[in-house]
Amino acid sequence: MRFPLRRLNREDVEADATGARLARTPAAQNGTPERRLYAGRKLSRARTIADLRAMAHRRLPAFAVEYLEGGSEEEATLSRNLAALASWRLLPRALVDVSRRDQSVALLGRAMPLPFAIAPTGLNGLFWRKADVLLARAAAQAGVPFAQSTMSNDAMEEVAAVPGLRHWWQLYAFGERPIRDALVARAERAGCEALVITVDAQFYGDREWEQRRFAHPGRLTMPSILESALHPHWIATTLSGGMPSFANDVGYVPKDKRGFFDSAFWIRANMDHSLDWNEAARLRALWPRKFLIKGILNANDAERAQRIGADGVVLSNHGGRQLDWTISSLDVLPEARRRVGSQFTLVVDGGMRRGTDVLKALALGANAVFLGRATLYGLAAAGESGVTRAVDIMREEIDRDLGLLGAASVKELDASFLAR
Ligand SMILES: Cc1cc2nc3c(=O)[nH]c(=O)nc-3n(C[C@H](O)[C@H](O)[C@H](O)COP(=O)(O)O)c2cc1C
């Protein structure tokens with residue numbers, strides 16, 4: 001008998017012979033009673049992020065599931081993100097008046113109603129047509145920032161036009177400097193509130209099971225292509241306008257490499273391996289608004305980012321997709337907070353799927369968290385309304401969990417609410 005401590009890993013959520021998703025939890029002993037995730041089409045029946053994940057798995061072709069889920073190599077970093085969250089337990093307080101609960105926070109000097117933002121993710125167009133715009137719309141409606149990736153598929157200006165959006169641009173340093181400088185200038189013209197430079201992906205982490213889907217760079221294997229054909233709903237909602245493209249970068253890619261996968265592989269192969277603190281400081285000086293460095297996993301680096309004038313860092317291991325066997329960003333959070341003081345922004349990400357995950361991160365000193373896969377599951381399950389459902393699930397869980405914890409506001413949270 002196996003009692004997983006908490007969330008469901010891939011091995012814990014498998015399709016049975018009838019295609020139903022079975023979840024093993026402590027309440028399901030030796031498989032009885034079966035606990036089922038919802039994997040149908042009715043969004044309102046998705047109760048948890050895990051349901052949205054099951055819906056996404058059902059709708060997407062296998063190669064897209066593997067791209068979405070995959071961690072690098074042994075996936076030890078990916079597992080650590082979950083284990084680090086699981087290693088903290090909550091210490092509830094009794095008899096506290098929690099008739100009003102407040103989960104609003106200030107991020108980069110602006111108030112927002114929820115303590116999370118949507119993380120930058122590339123190739124969103126594999127999950128739904130116009131996915132970046134849909135994520136941005138759902139974020140704007142919820143009043144949270146959306147960080148658009150350099151590897152996004154919709155034009156920056158189109159995303160910037162979403163009313164009420166807090167639009168952040170995530171920069172990858174690829175190719176020669178004039179390319180990144182042009183992207184930075186464009187983000188400034190588009191009115192982006194913040195520039196987020198990602199520094200943990202100058203080499204592409206080897207997500208092996210996704211790579212096995214390719215016969216050679218840029219070409220899916222024939223079985224993967226045939227398997228994709230078995231997902232007509234995905235085809236109709238994702239590919240009906242043709243294959244997506246990297247709307248913001250494709251002009252920098254050689255003409256014979258402009259296919260969807262070809263250009264992704266070309267950009268990956270042309271990341272700037274010389275990116276260093278001098279270049280980060282140069283970009284800081286170039287950019288007139290808020291500046292964050294994403295992919296920091298070390299308290300010394302958080303301090304160094306502060307010294308070059310960054311407004312904050314995103315403590316992140318890229319959702320376990322880059323260097324394997326790293327610590328979790330949660331592991332470095334208390335020390336990073338101690339070093340940078342209370343005014344410097346710390347966003348943390350990795351494995352956030354539950355309200356309690358967010359409360360733990362805030363109690364350890366984060367200003368807010370980034371949701372990566374959580375909102376992508378919603379997107380891949382049902383497009384914009386799926387993202388909104390993911391946001392609503394997180395909001396409802398945080399609200400209920402605050403009440404259960406005996407904290408009227410996320411501002412009260414600190415390490416005294418936690419035990420190892
Ligand atoms: C499918 C996918 C694509 C991603 N693409 C990018 C990207 O283009 N730029 C970036 O800075 N981070 C990227 N990330 C990392 C996320 O920004 C974030 O750090 C990570 O997803 C957090 O972990 P979580 O998915 O467990 O929430 C990606 C993550 C996923 C899952």
# chains A, B, ... in the order shown; residues from 1 in each chain; ligands from 1
call {"tool": "residues_near_ligand", "arguments": {"ligand": "ligand 1", "cutoff": "6 Å", "atoms": "only C-alpha atoms and all ligand atoms", "output": "PyMOL selection string"}}
result
chain A and resi 68+119-122+149+151+198+316+318-319+349-352+371-373
call {"tool": "residues_around", "arguments": {"residues": "Gln211 of chain A", "least_positions_apart": "2", "cutoff": "12 Å", "atoms": "only C-alpha atoms", "output": "PDB file with C-alpha atoms, in the first residue's frame"}}
result
ATOM      1  CA  PHE A  63       3.724  15.235 -27.746  1.00  0.00           C
ATOM      2  CA  ALA A  64       2.066  18.390 -26.370  1.00  0.00           C
ATOM      3  CA  GLU A  66       5.014  15.752 -22.776  1.00  0.00           C
ATOM      4  CA  TYR A  67       6.141  19.270 -23.675  1.00  0.00           C
ATOM      5  CA  GLY A  70       8.252  17.369 -18.852  1.00  0.00           C
ATOM      6  CA  GLY A  71      11.140  18.044 -16.517  1.00  0.00           C
ATOM      7  CA  SER A  72      14.772  17.594 -17.493  1.00  0.00           C
ATOM      8  CA  GLU A  73      16.758  14.362 -17.236  1.00  0.00           C
ATOM      9  CA  TYR A 204      18.196  24.085 -23.114  1.00  0.00           C
ATOM     10  CA  GLY A 205      17.545  21.558 -20.342  1.00  0.00           C
ATOM     11  CA  ASP A 206      17.193  18.075 -21.753  1.00  0.00           C
ATOM     12  CA  ARG A 207      13.559  17.091 -21.384  1.00  0.00           C
ATOM     13  CA  GLU A 208      14.203  13.668 -22.709  1.00  0.00           C
ATOM     14  CA  TRP A 209      10.767  12.242 -23.186  1.00  0.00           C
ATOM     15  CA  ARG A 213       9.058  12.640 -29.988  1.00  0.00           C
ATOM     16  CA  PHE A 214      11.337  14.152 -32.625  1.00  0.00           C
ATOM     17  CA  ALA A 215      12.877  12.058 -35.387  1.00  0.00           C
ATOM     18  CA  HIS A 216      15.362  14.902 -35.811  1.00  0.00           C
ATOM     19  CA  PRO A 217      15.307  18.571 -34.724  1.00  0.00           C
ATOM     20  CA  GLY A 218      12.157  20.193 -36.019  1.00  0.00           C
ATOM     21  CA  ARG A 219      10.490  16.954 -37.205  1.00  0.00           C
ATOM     22  CA  LEU A 220       8.035  14.992 -35.065  1.00  0.00           C
ATOM     23  CA  THR A 221       8.167  11.224 -35.456  1.00  0.00           C
ATOM     24  CA  SER A 224       3.535  11.278 -32.949  1.00  0.00           C
ATOM     25  CA  PHE A 261       9.608  23.633 -34.598  1.00  0.00           C
ATOM     26  CA  PHE A 265      15.225  24.711 -32.310  1.00  0.00           C
TER      27      PHE A 265
END
call {"tool": "closest_residue", "arguments": {"among": "A:Arg35, A:Ala76, A:Arg137, A:Leu286", "to": "Val391 of chain A", "atoms": "only C-alpha atoms"}}
result
A:Arg137
call {"tool": "closest_residue", "arguments": {"among": "A:Val96, A:Met394, A:Leu346, A:Ala62", "to": "Ala50 of chain A", "atoms": "only C-alpha atoms"}}
result
A:Met394
call {"tool": "atom_distance", "arguments": {"atom1": "atom CA of Leu195 of chain A", "atom2": "atom CA of Asp392 of chain A"}}
result
26.7 Å
call {"tool": "residues_around", "arguments": {"residues": "Leu364 of chain A", "least_positions_apart": "6", "cutoff": "7 Å", "atoms": "only C-alpha atoms", "output": "PyMOL selection string"}}
result
chain A and resi 333-334+414-415
call {"tool": "select_by_dssp", "arguments": {"residues": "segment 220-389 of chain A", "states": "strand (DSSP E)", "output": "compact mmCIF listing (two decimals) with C-alpha atoms, in the first residue's frame"}}
result
# COMPACT_ATOMS: atom_id res chain seq x y z
CA LEU A 220 8.03 14.99 -35.06
CA LYS A 290 10.46 47.65 -13.41
CA PHE A 291 13.15 45.04 -13.91
CA LEU A 292 13.15 41.45 -12.64
CA ILE A 293 15.66 38.63 -13.04
CA LYS A 294 14.06 35.18 -13.32
CA GLY A 295 15.81 31.91 -12.63
CA ILE A 296 17.67 32.80 -9.44
CA GLY A 312 13.22 41.99 -7.72
CA VAL A 313 13.96 38.43 -8.70
CA VAL A 314 11.91 35.38 -9.53
CA LEU A 315 13.27 32.48 -7.51
CA THR A 345 10.44 41.91 -4.63
CA LEU A 346 10.67 38.14 -4.42
CA VAL A 347 8.40 36.11 -6.66
CA VAL A 348 8.68 32.35 -6.34
CA ASP A 349 7.46 29.57 -8.60
CA ALA A 368 3.64 36.67 -4.80
CA VAL A 369 3.96 33.44 -6.77
CA PHE A 370 4.01 32.68 -10.46
CA LEU A 371 1.63 30.04 -11.77
call {"tool": "atom_distance", "arguments": {"atom1": "atom CA of Val358 of chain A", "atom2": "atom CA of Pro26 of chain A"}}
result
22.8 Å
call {"tool": "residues_around", "arguments": {"residues": "Gly355 of chain A", "least_positions_apart": "4", "cutoff": "9 Å", "atoms": "only C-alpha atoms", "output": "number ranges by chain"}}
result
A: 359-360, 393-402
call {"tool": "atom_distance", "arguments": {"atom1": "atom CA of Met112 of chain A", "atom2": "atom CA of Val332 of chain A"}}
result
25.0 Å
call {"tool": "closest_atom_pairs", "arguments": {"of": "segment 109-163 of chain A", "to": "segment 241-249 of chain A", "cutoff": "10 Å", "atoms": "only C-alpha atoms", "output": "Markdown table"}}
result
| residue | atom | partner | partner_atom | distance |
| --- | --- | --- | --- | --- |
| A:Gly122 | CA | A:Phe246 | CA | 9.1 |
| A:Leu123 | CA | A:Phe246 | CA | 7.9 |
| A:Asn124 | CA | A:Pro244 | CA | 9.0 |
| A:Gly125 | CA | A:Pro244 | CA | 5.7 |
| A:Leu126 | CA | A:Pro244 | CA | 7.2 |
| A:Trp128 | CA | A:Pro244 | CA | 9.5 |
| A:Arg129 | CA | A:Gly241 | CA | 7.5 |
| A:Lys130 | CA | A:Pro244 | CA | 8.5 |
| A:Ala131 | CA | A:Pro244 | CA | 9.9 |
| A:Ser149 | CA | A:Asn248 | CA | 9.6 |
| A:Thr150 | CA | A:Asn248 | CA | 7.1 |
| A:Met151 | CA | A:Phe246 | CA | 6.2 |
| A:Ser152 | CA | A:Phe246 | CA | 6.0 |
| A:Asn153 | CA | A:Phe246 | CA | 4.6 |
| A:Asp154 | CA | A:Ala247 | CA | 5.5 |
| A:Ala155 | CA | A:Ala247 | CA | 5.2 |
| A:Met156 | CA | A:Asn248 | CA | 6.8 |
| A:Glu157 | CA | A:Asn248 | CA | 9.5 |
call {"tool": "closest_residue", "arguments": {"among": "A:Val387, A:Val105, A:Cys192, A:Val340", "to": "Ala302 of chain A", "atoms": "only C-alpha atoms"}}
result
A:Val340
call {"tool": "residues_around", "arguments": {"residues": "Glu75 of chain A", "least_positions_apart": "5", "cutoff": "9 Å", "atoms": "only C-alpha atoms", "output": "ChimeraX atom specification"}}
result
/A:70,80,207,320-321,324-325
call {"tool": "write_last_selection", "arguments": {"atoms": "N, CA and C atoms", "output": "compact mmCIF listing (two decimals), in the first residue's frame"}}
result
# COMPACT_ATOMS: atom_id res chain seq x y z
N GLY A 70 6.92 17.94 -19.01
CA GLY A 70 8.25 17.37 -18.85
C GLY A 70 9.19 18.18 -17.97
N ARG A 80 11.55 17.69 -6.68
CA ARG A 80 11.93 18.48 -5.49
C ARG A 80 10.96 19.64 -5.27
N ARG A 207 14.82 17.76 -21.76
CA ARG A 207 13.56 17.09 -21.38
C ARG A 207 13.44 15.91 -22.32
N GLY A 320 11.44 22.87 -13.08
CA GLY A 320 12.16 21.59 -13.20
C GLY A 320 12.57 21.24 -14.61
N ARG A 321 12.63 22.24 -15.48
CA ARG A 321 12.87 21.95 -16.90
C ARG A 321 14.30 22.26 -17.34
N ASP A 324 18.93 19.72 -13.83
CA ASP A 324 18.33 18.73 -12.94
C ASP A 324 19.09 18.70 -11.60
N TRP A 325 18.45 18.17 -10.58
CA TRP A 325 19.03 18.02 -9.24
C TRP A 325 19.30 19.34 -8.55
call {"tool": "residues_around", "arguments": {"residues": "His233 of chain A", "least_positions_apart": "3", "cutoff": "12 Å", "atoms": "only C-alpha atoms", "output": "list in words"}}
result
Arg41, Ala56, Arg58, Arg59, Leu60, Pro61, Phe127, Trp128, Arg129, Ser228, Ala229, Leu230, Ala236, Thr237, Thr238, Leu239, Ser240, Ala380, Ala381, Ala382 and Gly383 of chain A
call {"tool": "select_by_dssp", "arguments": {"residues": "segment 143-275 of chain A", "states": "alpha helix (DSSP H)", "output": "ChimeraX atom specification"}}
result
/A:156-160,177-189,208-211,222-228,232-234,260-269
call {"tool": "closest_residue", "arguments": {"among": "A:Gln141, A:Thr77, A:Gln103, A:Thr32", "to": "Val410 of chain A", "atoms": "only C-alpha atoms"}}
result
A:Gln103
call {"tool": "residues_around", "arguments": {"residues": "Leu275 of chain A", "least_positions_apart": "3", "cutoff": "8 Å", "atoms": "only C-alpha atoms", "output": "NGL selection string"}}
result
:A and (173 or 199 or 202 or 272 or 279-280)
call {"tool": "closest_residue", "arguments": {"among": "A:Leu43, A:Ala361, A:Leu330, A:Ala299", "to": "Ala83 of chain A", "atoms": "only C-alpha atoms"}}
result
A:Leu330
call {"tool": "closest_residue", "arguments": {"among": "A:Leu379, A:Ala185, A:Ala408, A:Leu283", "to": "Ala136 of chain A", "atoms": "only C-alpha atoms"}}
result
A:Leu379
